[in-house]
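See below for coords.pdb, which holds PDB, C-alpha atoms, pLDDT in the B column.
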ATOM      1  CA  ILE Z   1      17.758   2.507  48.511  1.00 39.00           C
ATOM      2  CA  VAL Z   2      19.067   5.585  50.345  1.00 41.00           C
ATOM      3  CA  PHE Z   3      18.088   9.180  49.670  1.00 41.00           C
ATOM      4  CA  VAL Z   4      19.322  12.153  51.643  1.00 43.00           C
ATOM      5  CA  SER Z   5      16.466  14.317  52.838  1.00 42.00           C
ATOM      6  CA  SER Z   6      18.165  16.535  55.391  1.00 46.00           C
ATOM      7  CA  ILE Z   7      21.635  17.726  56.193  1.00 48.00           C
ATOM      8  CA  SER Z   8      23.075  19.788  58.987  1.00 49.00           C
ATOM      9  CA  PHE Z   9      26.580  21.039  59.548  1.00 48.00           C
ATOM     10  CA  SER Z  10      27.874  21.200  63.099  1.00 50.00           C
ATOM     11  CA  THR Z  11      31.275  22.092  64.412  1.00 50.00           C
ATOM     12  CA  TRP Z  12      33.061  20.496  67.333  1.00 50.00           C
ATOM     13  CA  ALA Z  13      36.202  21.794  69.002  1.00 49.00           C
ATOM     14  CA  THR Z  14      38.713  19.237  70.180  1.00 50.00           C
ATOM     15  CA  GLN Z  15      41.132  19.636  73.070  1.00 54.00           C
ATOM     16  CA  SER Z  16      43.921  20.765  70.767  1.00 56.00           C
ATOM     17  CA  ASN Z  17      41.759  23.702  69.540  1.00 62.00           C
ATOM     18  CA  THR Z  18      41.334  22.079  66.146  1.00 65.00           C
ATOM     19  CA  ILE Z  19      37.861  22.514  64.692  1.00 67.00           C
ATOM     20  CA  LEU Z  20      36.290  19.362  63.272  1.00 67.00           C
ATOM     21  CA  GLU Z  21      33.248  19.759  61.055  1.00 71.00           C
ATOM     22  CA  VAL Z  22      30.722  16.908  61.240  1.00 71.00           C
ATOM     23  CA  ILE Z  23      28.205  16.533  58.431  1.00 72.00           C
ATOM     24  CA  GLU Z  24      24.997  14.838  59.484  1.00 68.00           C
ATOM     25  CA  VAL Z  25      22.419  13.662  56.948  1.00 65.00           C
ATOM     26  CA  THR Z  26      19.009  12.134  57.351  1.00 58.00           C
ATOM     27  CA  ALA Z  27      19.051   9.023  55.244  1.00 53.00           C
ATOM     28  CA  GLN Z  28      17.221   5.813  55.964  1.00 55.00           C
ATOM     29  CA  LYS Z  29      14.837   7.900  58.146  1.00 53.00           C
ATOM     30  CA  ARG Z  30      17.349   8.675  60.921  1.00 63.00           C
ATOM     31  CA  ILE Z  31      20.146  11.178  61.518  1.00 68.00           C
ATOM     32  CA  GLN Z  32      23.540   9.762  60.612  1.00 75.00           C
ATOM     33  CA  SER Z  33      26.991  11.032  59.874  1.00 79.00           C
ATOM     34  CA  ILE Z  34      27.650  11.214  56.150  1.00 78.00           C
ATOM     35  CA  ASN Z  35      30.508   8.743  56.723  1.00 81.00           C
ATOM     36  CA  GLU Z  36      28.113   6.075  58.072  1.00 82.00           C
ATOM     37  CA  ILE Z  37      26.039   5.876  54.888  1.00 78.00           C
ATOM     38  CA  PRO Z  38      27.296   3.251  52.430  1.00 80.00           C
ATOM     39  CA  MET Z  39      26.936   5.480  49.373  1.00 79.00           C
ATOM     40  CA  ALA Z  40      28.908   8.197  47.627  1.00 81.00           C
ATOM     41  CA  ILE Z  41      27.254  11.478  48.677  1.00 83.00           C
ATOM     42  CA  THR Z  42      28.367  15.037  48.009  1.00 86.00           C
ATOM     43  CA  ALA Z  43      26.557  17.815  49.874  1.00 86.00           C
ATOM     44  CA  PHE Z  44      26.884  21.599  49.829  1.00 88.00           C
ATOM     45  CA  ASN Z  45      24.982  24.239  51.753  1.00 86.00           C
ATOM     46  CA  ALA Z  46      23.889  27.558  50.197  1.00 87.00           C
ATOM     47  CA  GLU Z  47      26.858  29.467  51.621  1.00 87.00           C
ATOM     48  CA  GLN Z  48      29.349  27.035  50.090  1.00 89.00           C
ATOM     49  CA  LEU Z  49      27.577  27.146  46.717  1.00 88.00           C
ATOM     50  CA  ASN Z  50      27.636  30.938  46.765  1.00 86.00           C
ATOM     51  CA  GLU Z  51      31.370  31.025  47.597  1.00 88.00           C
ATOM     52  CA  MET Z  52      32.115  28.631  44.722  1.00 90.00           C
ATOM     53  CA  GLY Z  53      29.947  30.583  42.262  1.00 85.00           C
ATOM     54  CA  ILE Z  54      27.513  27.727  41.574  1.00 86.00           C
ATOM     55  CA  GLU Z  55      24.412  29.244  39.964  1.00 82.00           C
ATOM     56  CA  ASP Z  56      23.013  26.381  37.891  1.00 83.00           C
ATOM     57  CA  THR Z  57      22.886  22.593  37.899  1.00 85.00           C
ATOM     58  CA  THR Z  58      25.453  22.569  35.095  1.00 84.00           C
ATOM     59  CA  ASP Z  59      27.921  24.435  37.352  1.00 87.00           C
ATOM     60  CA  LEU Z  60      27.984  21.460  39.726  1.00 89.00           C
ATOM     61  CA  ALA Z  61      30.234  19.695  37.194  1.00 88.00           C
ATOM     62  CA  THR Z  62      33.112  21.903  38.362  1.00 90.00           C
ATOM     63  CA  VAL Z  63      32.925  20.766  42.006  1.00 91.00           C
ATOM     64  CA  VAL Z  64      31.392  17.263  42.015  1.00 90.00           C
ATOM     65  CA  PRO Z  65      33.755  14.462  40.981  1.00 90.00           C
ATOM     66  CA  GLY Z  66      32.239  12.174  38.351  1.00 89.00           C
ATOM     67  CA  PHE Z  67      29.419  14.583  37.428  1.00 90.00           C
ATOM     68  CA  ASN Z  68      29.421  15.951  33.883  1.00 88.00           C
ATOM     69  CA  TYR Z  69      27.023  17.669  31.578  1.00 85.00           C
ATOM     70  CA  SER Z  70      26.892  18.513  27.908  1.00 84.00           C
ATOM     71  CA  ASN Z  71      24.633  20.850  25.999  1.00 80.00           C
ATOM     72  CA  THR Z  72      22.713  19.470  23.064  1.00 77.00           C
ATOM     73  CA  ALA Z  73      21.843  21.157  19.793  1.00 75.00           C
ATOM     74  CA  PHE Z  74      18.283  21.839  20.952  1.00 73.00           C
ATOM     75  CA  GLY Z  75      19.045  23.155  24.443  1.00 73.00           C
ATOM     76  CA  PRO Z  76      18.347  20.387  26.987  1.00 78.00           C
ATOM     77  CA  PRO Z  77      21.432  19.476  29.032  1.00 83.00           C
ATOM     78  CA  VAL Z  78      22.550  15.858  29.281  1.00 83.00           C
ATOM     79  CA  TYR Z  79      23.741  14.972  32.797  1.00 86.00           C
ATOM     80  CA  THR Z  80      25.995  12.012  33.559  1.00 85.00           C
ATOM     81  CA  LEU Z  81      27.236  10.624  36.866  1.00 89.00           C
ATOM     82  CA  ARG Z  82      30.154   8.186  36.871  1.00 82.00           C
ATOM     83  CA  GLY Z  83      29.876   7.994  33.072  1.00 76.00           C
ATOM     84  CA  VAL Z  84      26.262   6.808  33.085  1.00 80.00           C
ATOM     85  CA  GLY Z  85      24.045   9.008  30.955  1.00 73.00           C
ATOM     86  CA  PHE Z  86      21.619   9.013  28.047  1.00 73.00           C
ATOM     87  CA  ASN Z  87      22.733  11.261  25.186  1.00 72.00           C
ATOM     88  CA  GLU Z  88      19.308  12.260  23.874  1.00 69.00           C
ATOM     89  CA  SER Z  89      18.724  15.797  22.634  1.00 64.00           C
ATOM     90  CA  SER Z  90      14.921  15.897  22.587  1.00 66.00           C
ATOM     91  CA  ALA Z  91      13.179  17.899  25.292  1.00 63.00           C
ATOM     92  CA  GLN Z  92      10.982  14.932  26.281  1.00 69.00           C
ATOM     93  CA  ALA Z  93      13.791  12.461  26.984  1.00 68.00           C
ATOM     94  CA  THR Z  94      13.933  11.171  30.535  1.00 72.00           C
ATOM     95  CA  ALA Z  95      17.229  11.608  32.325  1.00 77.00           C
ATOM     96  CA  THR Z  96      19.428   8.964  33.916  1.00 80.00           C
ATOM     97  CA  VAL Z  97      20.346  11.489  36.625  1.00 86.00           C
ATOM     98  CA  GLY Z  98      17.234  12.388  38.598  1.00 84.00           C
ATOM     99  CA  VAL Z  99      16.855  15.990  39.716  1.00 86.00           C
ATOM    100  CA  TYR Z 100      14.536  16.746  42.637  1.00 86.00           C
ATOM    101  CA  ILE Z 101      13.424  19.913  44.389  1.00 86.00           C
ATOM    102  CA  ASP Z 102      12.199  19.167  47.916  1.00 83.00           C
ATOM    103  CA  GLU Z 103      11.816  15.501  46.971  1.00 80.00           C
ATOM    104  CA  ILE Z 104       9.627  16.301  43.943  1.00 84.00           C
ATOM    105  CA  SER Z 105      10.990  14.973  40.676  1.00 84.00           C
ATOM    106  CA  ILE Z 106      11.764  17.333  37.807  1.00 85.00           C
ATOM    107  CA  PRO Z 107      10.775  15.122  34.874  1.00 82.00           C
ATOM    108  CA  PHE Z 108      12.899  16.623  32.071  1.00 79.00           C
ATOM    109  CA  PRO Z 109      16.463  17.992  32.136  1.00 79.00           C
ATOM    110  CA  ILE Z 110      15.425  21.202  30.345  1.00 78.00           C
ATOM    111  CA  MET Z 111      13.395  22.097  33.458  1.00 81.00           C
ATOM    112  CA  THR Z 112      16.508  22.159  35.684  1.00 80.00           C
ATOM    113  CA  LYS Z 113      17.707  25.535  34.393  1.00 76.00           C
ATOM    114  CA  GLY Z 114      16.214  27.467  37.345  1.00 73.00           C
ATOM    115  CA  ALA Z 115      16.531  24.851  40.090  1.00 75.00           C
ATOM    116  CA  ASN Z 116      19.126  26.808  42.090  1.00 79.00           C
ATOM    117  CA  ILE Z 117      16.887  29.722  43.086  1.00 83.00           C
ATOM    118  CA  ASP Z 118      16.773  30.289  46.874  1.00 86.00           C
ATOM    119  CA  ILE Z 119      18.040  26.896  48.017  1.00 87.00           C
ATOM    120  CA  GLU Z 120      19.221  25.817  51.447  1.00 86.00           C
ATOM    121  CA  ARG Z 121      21.456  22.991  50.235  1.00 85.00           C
ATOM    122  CA  VAL Z 122      22.056  20.471  47.458  1.00 87.00           C
ATOM    123  CA  GLU Z 123      22.833  16.770  47.812  1.00 85.00           C
ATOM    124  CA  ILE Z 124      24.288  14.637  45.024  1.00 87.00           C
ATOM    125  CA  LEU Z 125      23.954  10.852  45.320  1.00 85.00           C
ATOM    126  CA  LYS Z 126      25.961   8.635  43.017  1.00 84.00           C
ATOM    127  CA  GLY Z 127      24.620   5.265  41.973  1.00 80.00           C
ATOM    128  CA  PRO Z 128      21.188   3.865  41.141  1.00 79.00           C
ATOM    129  CA  GLN Z 129      18.229   5.362  43.012  1.00 77.00           C
ATOM    130  CA  GLY Z 130      14.860   3.656  43.403  1.00 72.00           C
ATOM    131  CA  THR Z 131      11.389   5.076  43.126  1.00 67.00           C
ATOM    132  CA  LEU Z 132      11.293   6.541  46.623  1.00 65.00           C
ATOM    133  CA  TYR Z 133      10.140   9.905  45.235  1.00 65.00           C
ATOM    134  CA  GLY Z 134       8.185   8.615  42.248  1.00 67.00           C
ATOM    135  CA  SER Z 135      10.969   8.439  39.681  1.00 74.00           C
ATOM    136  CA  ASN Z 136      13.923   6.082  39.525  1.00 77.00           C
ATOM    137  CA  ALA Z 137      17.343   7.217  38.344  1.00 81.00           C
ATOM    138  CA  THR Z 138      19.942   4.891  36.872  1.00 81.00           C
ATOM    139  CA  ALA Z 139      23.023   7.071  37.411  1.00 84.00           C
ATOM    140  CA  GLY Z 140      22.179   8.978  40.586  1.00 85.00           C
ATOM    141  CA  ALA Z 141      20.207  11.888  41.984  1.00 85.00           C
ATOM    142  CA  ILE Z 142      20.569  15.603  42.626  1.00 87.00           C
ATOM    143  CA  ASN Z 143      18.289  16.795  45.409  1.00 85.00           C
ATOM    144  CA  TYR Z 144      17.791  20.513  45.953  1.00 87.00           C
ATOM    145  CA  ILE Z 145      16.331  21.553  49.301  1.00 85.00           C
ATOM    146  CA  ALA Z 146      14.602  24.938  49.132  1.00 87.00           C
ATOM    147  CA  ALA Z 147      15.107  27.497  51.887  1.00 89.00           C
ATOM    148  CA  LYS Z 148      12.211  27.428  54.336  1.00 89.00           C
ATOM    149  CA  PRO Z 149      10.189  30.375  55.714  1.00 92.00           C
ATOM    150  CA  ASP Z 150      11.347  31.877  58.992  1.00 89.00           C
ATOM    151  CA  GLU Z 151       9.279  33.757  61.557  1.00 90.00           C
ATOM    152  CA  ASP Z 152      11.939  36.476  61.896  1.00 91.00           C
ATOM    153  CA  PHE Z 153      11.974  39.089  59.142  1.00 92.00           C
ATOM    154  CA  GLU Z 154      14.920  38.728  56.811  1.00 91.00           C
ATOM    155  CA  ALA Z 155      15.698  39.873  53.269  1.00 92.00           C
ATOM    156  CA  GLY Z 156      18.589  39.496  50.886  1.00 89.00           C
ATOM    157  CA  ILE Z 157      19.566  40.437  47.374  1.00 88.00           C
ATOM    158  CA  LYS Z 158      22.395  39.400  45.073  1.00 84.00           C
ATOM    159  CA  ALA Z 159      23.194  41.200  41.840  1.00 85.00           C
ATOM    160  CA  THR Z 160      25.872  40.528  39.258  1.00 82.00           C
ATOM    161  CA  ILE Z 161      27.083  42.777  36.475  1.00 87.00           C
ATOM    162  CA  ALA Z 162      29.250  41.122  33.857  1.00 84.00           C
ATOM    163  CA  SER Z 163      30.823  41.876  30.515  1.00 86.00           C
ATOM    164  CA  PHE Z 164      28.800  42.423  27.333  1.00 88.00           C
ATOM    165  CA  GLN Z 165      26.243  44.475  29.290  1.00 86.00           C
ATOM    166  CA  THR Z 166      24.786  41.432  31.037  1.00 85.00           C
ATOM    167  CA  PHE Z 167      23.428  41.449  34.554  1.00 85.00           C
ATOM    168  CA  SER Z 168      21.538  39.096  36.806  1.00 81.00           C
ATOM    169  CA  GLY Z 169      19.980  39.284  40.206  1.00 84.00           C
ATOM    170  CA  ASP Z 170      17.941  37.373  42.715  1.00 84.00           C
ATOM    171  CA  GLY Z 171      16.572  38.036  46.141  1.00 89.00           C
ATOM    172  CA  TYR Z 172      14.401  36.750  48.931  1.00 89.00           C
ATOM    173  CA  LEU Z 173      12.078  38.026  51.616  1.00 91.00           C
ATOM    174  CA  THR Z 174      10.971  35.926  54.577  1.00 92.00           C
ATOM    175  CA  GLY Z 175       9.031  36.571  57.737  1.00 92.00           C
ATOM    176  CA  SER Z 176       5.858  36.052  59.689  1.00 91.00           C
ATOM    177  CA  LEU Z 177       2.547  37.018  58.054  1.00 90.00           C
ATOM    178  CA  THR Z 178       0.414  36.164  61.075  1.00 89.00           C
ATOM    179  CA  GLU Z 179       1.027  34.467  64.400  1.00 88.00           C
ATOM    180  CA  ASN Z 180       0.869  30.988  62.829  1.00 90.00           C
ATOM    181  CA  VAL Z 181       1.779  31.664  59.180  1.00 92.00           C
ATOM    182  CA  ASN Z 182       5.294  32.296  57.851  1.00 92.00           C
ATOM    183  CA  ALA Z 183       6.128  32.961  54.207  1.00 93.00           C
ATOM    184  CA  ARG Z 184       9.148  33.195  51.948  1.00 92.00           C
ATOM    185  CA  PHE Z 185       9.241  34.917  48.559  1.00 89.00           C
ATOM    186  CA  ALA Z 186      12.158  34.535  46.172  1.00 88.00           C
TER     187      ALA Z 186
END
Here is a file; write its structure as structure tokens.
Amino acid sequence: IVFVSSISFSTWATQSNTILEVIEVTAQKRIQSINEIPMAITAFNAEQLNEMGIEDTTDLATVVPGFNYSNTAFGPPVYTLRGVGFNESSAQATATVGVYIDEISIPFPIMTKGANIDIERVEILKGPQGTLYGSNATAGAINYIAAKPDEDFEAGIKATIASFQTFSGDGYLTGSLTENVNARFA
């Protein structure tokens, strides 16, 4: 069973001045290239998600091949990966696609509505996942990695104004509280 717990993007320049981007993930407890892992993995960092306009787990269906969702009559989304899903509309139904935030399982799909707040990256694994993080998933897993506190002061805000007098916004504030304590508020 493989689960991605870390990802870093690095860029290498070749002799012909072509830039080659290498995606490294930490799966199987060591750093590997995403191409060395025998599993279908899709990974995006926060900058890429922002450029694509991904604001919710349901928006991932537009950029991840084989990932779909449908809304039910009572509100909980039904996620499917590679056609594997459980079309149950009750709020207590367990999902076949596991959703995790910092390796902590979100038990019900209705709770994934705000999972994209202040994230560093998202990793989507296709195929059965074991109980490495306490909950197995038949179809696959979506792992959100939250942005971590930094010792340098930094702040950001994003606001959106749309039609029908709707608006949304989010922001973050990070920095050092004391010499040994850093914090991040979002």
Exercise for review: Could you tell me which of Z:Gln129, Z:Thr160, Z:Thr112, Z:Thr174 comes closest to Met39 in chain Z if we count only C-alpha atoms?
Suggested key: Z:Gln129
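CA of Ala139 in chain Z lies 12.1 Å from CA of Thr94 in chain Z.
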Exercise for review: Could you expand the PyMOL selection byres ((chain Z and resi 116) around 8) into the explicit residues it covers here, written as a list in words?
Suggested key: Glu55, Asp56, Thr57, Lys113, Gly114, Ala115, Ile117, Asp118, Ile119 and Tyr144 of chain Z
Restricting the output to C-alpha atoms, write the selected residues as a PDB file, in the frame of the given file.
ATOM      1  CA  GLU Z  55      24.412  29.244  39.964  1.00 82.00           C
ATOM      2  CA  ASP Z  56      23.013  26.381  37.891  1.00 83.00           C
ATOM      3  CA  THR Z  57      22.886  22.593  37.899  1.00 85.00           C
ATOM      4  CA  LYS Z 113      17.707  25.535  34.393  1.00 76.00           C
ATOM      5  CA  GLY Z 114      16.214  27.467  37.345  1.00 73.00           C
ATOM      6  CA  ALA Z 115      16.531  24.851  40.090  1.00 75.00           C
ATOM      7  CA  ILE Z 117      16.887  29.722  43.086  1.00 83.00           C
ATOM      8  CA  ASP Z 118      16.773  30.289  46.874  1.00 86.00           C
ATOM      9  CA  ILE Z 119      18.040  26.896  48.017  1.00 87.00           C
ATOM     10  CA  TYR Z 144      17.791  20.513  45.953  1.00 87.00           C
TER      11      TYR Z 144
END
Exercise for review: Please provide the set of residues having any atom within 9 Å of Asn182 in chain Z, restricted to all atoms listed in the file, with same-chain residues fewer than 6 positions apart removed, written as a PyMOL selection string.
Suggested key: chain Z and resi 149-152+174-176
**Study point:** Pairwise distance for CA of Gly83 in chain Z and CA of Ile34 in chain Z, rounded to one decimal in Å
**Key:** 23.4 Å
Check your understanding: CA of Arg82 in chain Z and CA of Phe108 in chain Z are how many Å apart?
Key -> 19.8 Å
Name the residues captured by the PyMOL selection byres ((chain Z and resi 128) around 10) when it is applied to the shown file; answer as a short mmCIF file (atom, residue, chain, number, x, y, z; two decimals) with C-alpha atoms, in the frame of the given file.
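File written: expr.cif
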data_model
loop_
_atom_site.label_atom_id
_atom_site.label_comp_id
_atom_site.auth_asym_id
_atom_site.auth_seq_id
_atom_site.Cartn_x
_atom_site.Cartn_y
_atom_site.Cartn_z
CA ILE Z 1 17.76 2.51 48.51
CA VAL Z 2 19.07 5.58 50.34
CA VAL Z 84 26.26 6.81 33.08
CA THR Z 96 19.43 8.96 33.92
CA VAL Z 97 20.35 11.49 36.62
CA GLY Z 98 17.23 12.39 38.60
CA LEU Z 125 23.95 10.85 45.32
CA LYS Z 126 25.96 8.64 43.02
CA GLY Z 127 24.62 5.26 41.97
CA GLN Z 129 18.23 5.36 43.01
CA GLY Z 130 14.86 3.66 43.40
CA ASN Z 136 13.92 6.08 39.52
CA ALA Z 137 17.34 7.22 38.34
CA THR Z 138 19.94 4.89 36.87
CA ALA Z 139 23.02 7.07 37.41
CA GLY Z 140 22.18 8.98 40.59
CA ALA Z 141 20.21 11.89 41.98
#
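Put simply, the PyMOL selection byres ((chain Z and resi 142) around 6) on this file hits Val99, Glu123, Ile124, Ala141 and Asn143 of chain Z.
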Exercise for review: Please check which residues have atoms at most 8 Å from (12.9, 28.9, 48.0) in the file's coordinates, counting all atoms listed in the file, and write them as a ChimeraX atom specification.
Suggested key: /Z:117-120,146-148,184-186
